[in-house]
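**Q** So that we are looking at the same thing, I have put the structure below in structure tokens.
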Amino acid sequence: MVNADHDRSVQRQGQRPLSRHERYVYTYNLVAASTPLQFLISVEPASSKPTHGRYIFRLAFRANGIERSLGEPVELRMAVNPKQLNFVIFVFPGKTTLPTGGLWSLRVWLRVNGIDHRLFGEDELWVGKDLDFDAIADASFARLKNVDTREQMYHGFVGKALVNFIVRWQRTNHGSYKYSLDYEAGGVSATLFADLELRFDGDPRTVTFLIYTVPISSLPAGASHRLRVWLRSLVQLTSDPSTQYALPFNDSYIYQRIWKSDSFKVGARLDFESLGGKMIMAFPAVGGPETIVSVASRSPSTGGNHDKSKRSFYNQ
């Protein structure tokens with residue numbers, strides 16, 4: 001008869017103890033211009049051991065249930081208990097800009113033993129409730145045209161050019177969503193960003209985006225634009241008994257700006273002749289592009305692959 005206690009003892013001897021990793025998350029709340037905001041500071045040992053030494057601080061921001069990271073991690077050496085820290089977190093209005101009431105400056109300080117250490121500073125925290133984007137002169141807004149389980153497509157005019165903006169997402173292993181944004185115009189496309197990570201509960205199709213461009217003075221005219229991308233989420237109804245039902249014109253949204261470019265250069269039928277008489281225009285060679293075929297061959301002496309190509313003008 002096999003001794004069960006002996007078997008368990010052998011199993012315990014053969015197993016390695018599970019590694020324990022602790023991090024401590026501090027949550028702070030405030031209301032900025034009727035918009036509830038949450039800031040989460042994560043503190044974890046740099047060596048994955050909860051002992052005195054080096055610690056990494058990370059800042060996350062949550063509005064209307066949608067969480068994203070802000071800034072870069074900060075590493076400090078501490079000889080105090082990481083579970084008994086105090087922080088000073090505040091925002092103040094940024095410079096006057098459009099949309100009004102959407103720009104904030106953020107400061108995060110660590111206070112230990114009466115000494116304050118600044119951890120994070122952000123002067124372009126764009127967030128607000130029911131912002132007035134119609135006040136932005138000459139803005140051209142893309143319209144949501146299609147939504148499926150993995151992407152949303154927006155159509156818009158950038159100057160005279162019809163441009164498609166495609167938002168895609170995929171769920172990560174740790175429960176968040178990773179977003180990317182591509183644009184496509186005239187059969188040519190490119191990626192604008194591919195590393196936006198958002199954490200929220202619910203269907204990602206309910207999170208939409210506000211995408212618009214504003215022309216910049218340029219030669220030729222219509223060649224350069226400012227591009228802005230905002231995240232838009234519907235404010236959920238509260239348990240207020242006076243709110244019995246929702247009507248379409250009562251919908252309220254929280255907006256967060258997540259990406260921008262001040263040099264988005266796309267246009268249609270641009271007048272390059274307007275650059276003036278000093279411009280010298282190149283012309284294409286007769287016969288169109290030359291085809292260059294590369295054939296990989298294995299060298300008998302070295303066994304390596306060598307690329308034999310026909311070059312356009314000369315051999316290097």
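Naming works like this for the structure tokens: A, B, ... for the chains as they're shown, residue 1 at the start of each chain, ligands 1 onward in shown order.
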From a DSSP pass on the backbone, collect the residues of range 51-269 of chain A flagged as strand (DSSP E) and hand them back as an MDAnalysis selection string.
**A** chainID A and resid 53:63 66:78 86:93 103:112 115:129 140:141 143:147 151:158 161:171 177:185 188:198 208:215 225:234 253:264
**Q** Within 8 Å of range 33-35 of chain A, counting only C-alpha atoms, which residues show up once you throw out same-chain ones fewer than 4 positions away? Write them as a PyMOL selection string, please.
**A** chain A and resi 63+101+128-129+254
**Q** Got time to write the residues from that selection, C-alpha atoms, as a PDB file, in the first residue's frame?
**A**
```
ATOM      1  CA  ALA A  63     -12.476  59.039 -17.007  1.00  0.00           C
ATOM      2  CA  GLY A 101     -12.662  73.913 -20.989  1.00  0.00           C
ATOM      3  CA  GLY A 128     -13.989  67.295 -20.727  1.00  0.00           C
ATOM      4  CA  LYS A 129     -17.724  66.742 -20.796  1.00  0.00           C
ATOM      5  CA  ILE A 254     -16.877  62.507 -22.032  1.00  0.00           C
TER       6      ILE A 254
END
```
**Q** Given the choices A:Lys265, A:Arg111, A:Arg168, A:Arg232, which gets closest to Ser252 in chain A if the distance is worked out from only C-alpha atoms?
**A**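 That would be A:Arg232, the residue with the smallest distance to Ser252 in chain A.
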**Q** If we count only C-alpha atoms and set the cut-off at 12 Å, which residues sit around Met78 in chain A, ignoring sequence neighbours fewer than 5 positions away in its own chain? Please answer as a ChimeraX atom specification.
**A** /A:43-46,50-57,83-85,110,112-113,117
**Q** Write out the residues from the selection above, keeping C-alpha atoms, as a PDB file, in the first residue's frame.
**A**
```pdb
ATOM      1  CA  VAL A  43       4.083  51.440  -6.848  1.00  0.00           C
ATOM      2  CA  GLU A  44       6.074  48.248  -7.287  1.00  0.00           C
ATOM      3  CA  PRO A  45       9.581  47.048  -6.472  1.00  0.00           C
ATOM      4  CA  ALA A  46      11.995  47.288  -9.378  1.00  0.00           C
ATOM      5  CA  PRO A  50       8.855  44.052  -1.570  1.00  0.00           C
ATOM      6  CA  THR A  51      11.972  45.222   0.290  1.00  0.00           C
ATOM      7  CA  HIS A  52      13.596  48.593   0.834  1.00  0.00           C
ATOM      8  CA  GLY A  53      15.300  49.740  -2.334  1.00  0.00           C
ATOM      9  CA  ARG A  54      14.294  50.777  -5.839  1.00  0.00           C
ATOM     10  CA  TYR A  55      10.619  51.288  -6.696  1.00  0.00           C
ATOM     11  CA  ILE A  56       8.868  52.084  -9.964  1.00  0.00           C
ATOM     12  CA  PHE A  57       5.966  54.560 -10.040  1.00  0.00           C
ATOM     13  CA  LYS A  83       2.158  50.873   1.527  1.00  0.00           C
ATOM     14  CA  GLN A  84       2.104  54.081   3.563  1.00  0.00           C
ATOM     15  CA  LEU A  85       2.749  56.818   0.997  1.00  0.00           C
ATOM     16  CA  LEU A 110       5.059  62.350  -3.554  1.00  0.00           C
ATOM     17  CA  VAL A 112       7.204  61.548   2.521  1.00  0.00           C
ATOM     18  CA  ASN A 113       8.275  62.693   6.002  1.00  0.00           C
ATOM     19  CA  HIS A 117       9.105  65.085  -4.607  1.00  0.00           C
TER      20      HIS A 117
END
```
**Q** Using only C-alpha atoms, which residue out of A:Thr149, A:His225, A:Arg257, A:Tyr154 lies closest to Pro204 in chain A?
**A**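 The closest residue to Pro204 in chain A is A:Thr149.
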**Q** Compile the contact shell of Ile41 in chain A as number ranges by chain: residues with an atom at most 7 Å away, counting only C-alpha atoms, same-chain residues fewer than 5 positions apart removed.
**A** A: 25-27, 57-60
**Q** For Arg226 in chain A, list every protein, DNA or RNA residue within 8 Å, evaluated using only C-alpha atoms, and leave out those in the same chain fewer than 3 positions away; present the list as a short mmCIF file (atom, residue, chain, number, x, y, z; two decimals) with all heavy atoms, in the first residue's frame.
**A**
```
data_model
loop_
_atom_site.label_atom_id
_atom_site.label_comp_id
_atom_site.auth_asym_id
_atom_site.auth_seq_id
_atom_site.Cartn_x
_atom_site.Cartn_y
_atom_site.Cartn_z
N THR A 213 -9.74 67.48 -38.84
CA THR A 213 -8.56 68.19 -39.31
C THR A 213 -8.88 69.67 -39.44
O THR A 213 -10.04 70.06 -39.63
CB THR A 213 -8.08 67.65 -40.67
OG1 THR A 213 -9.15 67.77 -41.63
CG2 THR A 213 -7.65 66.19 -40.56
N VAL A 214 -7.83 70.48 -39.33
CA VAL A 214 -7.93 71.92 -39.51
C VAL A 214 -6.81 72.33 -40.46
O VAL A 214 -5.64 71.99 -40.22
CB VAL A 214 -7.79 72.66 -38.17
CG1 VAL A 214 -7.84 74.18 -38.39
CG2 VAL A 214 -8.87 72.23 -37.19
N PRO A 215 -7.12 73.02 -41.55
CA PRO A 215 -6.07 73.39 -42.50
C PRO A 215 -5.08 74.38 -41.91
O PRO A 215 -5.43 75.24 -41.10
CB PRO A 215 -6.85 74.02 -43.67
CG PRO A 215 -8.14 74.46 -43.06
CD PRO A 215 -8.45 73.50 -41.97
N ILE A 216 -3.81 74.23 -42.32
CA ILE A 216 -2.74 75.14 -41.94
C ILE A 216 -2.30 75.91 -43.18
O ILE A 216 -2.27 75.35 -44.28
CB ILE A 216 -1.54 74.37 -41.35
CG1 ILE A 216 -1.99 73.55 -40.12
CG2 ILE A 216 -0.42 75.32 -40.96
CD1 ILE A 216 -0.89 72.66 -39.58
N LYS A 260 -2.41 63.54 -31.61
CA LYS A 260 -2.45 64.73 -32.47
C LYS A 260 -1.27 64.72 -33.42
O LYS A 260 -0.24 64.07 -33.20
CB LYS A 260 -2.41 66.01 -31.64
CG LYS A 260 -1.03 66.30 -31.06
CD LYS A 260 -0.94 67.72 -30.55
CE LYS A 260 0.49 68.05 -30.14
NZ LYS A 260 0.64 69.46 -29.73
N SER A 261 -1.42 65.43 -34.52
CA SER A 261 -0.33 65.72 -35.45
C SER A 261 -0.53 67.14 -35.95
O SER A 261 -1.65 67.54 -36.28
CB SER A 261 -0.34 64.74 -36.63
OG SER A 261 0.61 65.15 -37.61
N ASP A 262 0.55 67.90 -35.99
CA ASP A 262 0.51 69.25 -36.53
C ASP A 262 1.09 69.33 -37.93
O ASP A 262 1.33 70.42 -38.45
CB ASP A 262 1.26 70.22 -35.61
CG ASP A 262 0.53 70.45 -34.30
OD1 ASP A 262 -0.72 70.46 -34.32
OD2 ASP A 262 1.19 70.59 -33.26
N SER A 263 1.32 68.18 -38.53
CA SER A 263 1.91 68.17 -39.88
C SER A 263 1.37 66.99 -40.69
O SER A 263 2.14 66.18 -41.21
CB SER A 263 3.43 68.11 -39.79
OG SER A 263 3.85 66.95 -39.08
N PHE A 264 0.06 66.88 -40.75
CA PHE A 264 -0.57 65.83 -41.55
C PHE A 264 -0.66 66.34 -42.99
O PHE A 264 -1.44 67.25 -43.28
CB PHE A 264 -1.96 65.51 -40.99
CG PHE A 264 -2.63 64.34 -41.65
CD1 PHE A 264 -2.02 63.09 -41.70
CD2 PHE A 264 -3.89 64.47 -42.21
CE1 PHE A 264 -2.63 62.01 -42.30
CE2 PHE A 264 -4.53 63.40 -42.81
CZ PHE A 264 -3.89 62.17 -42.86
#
```
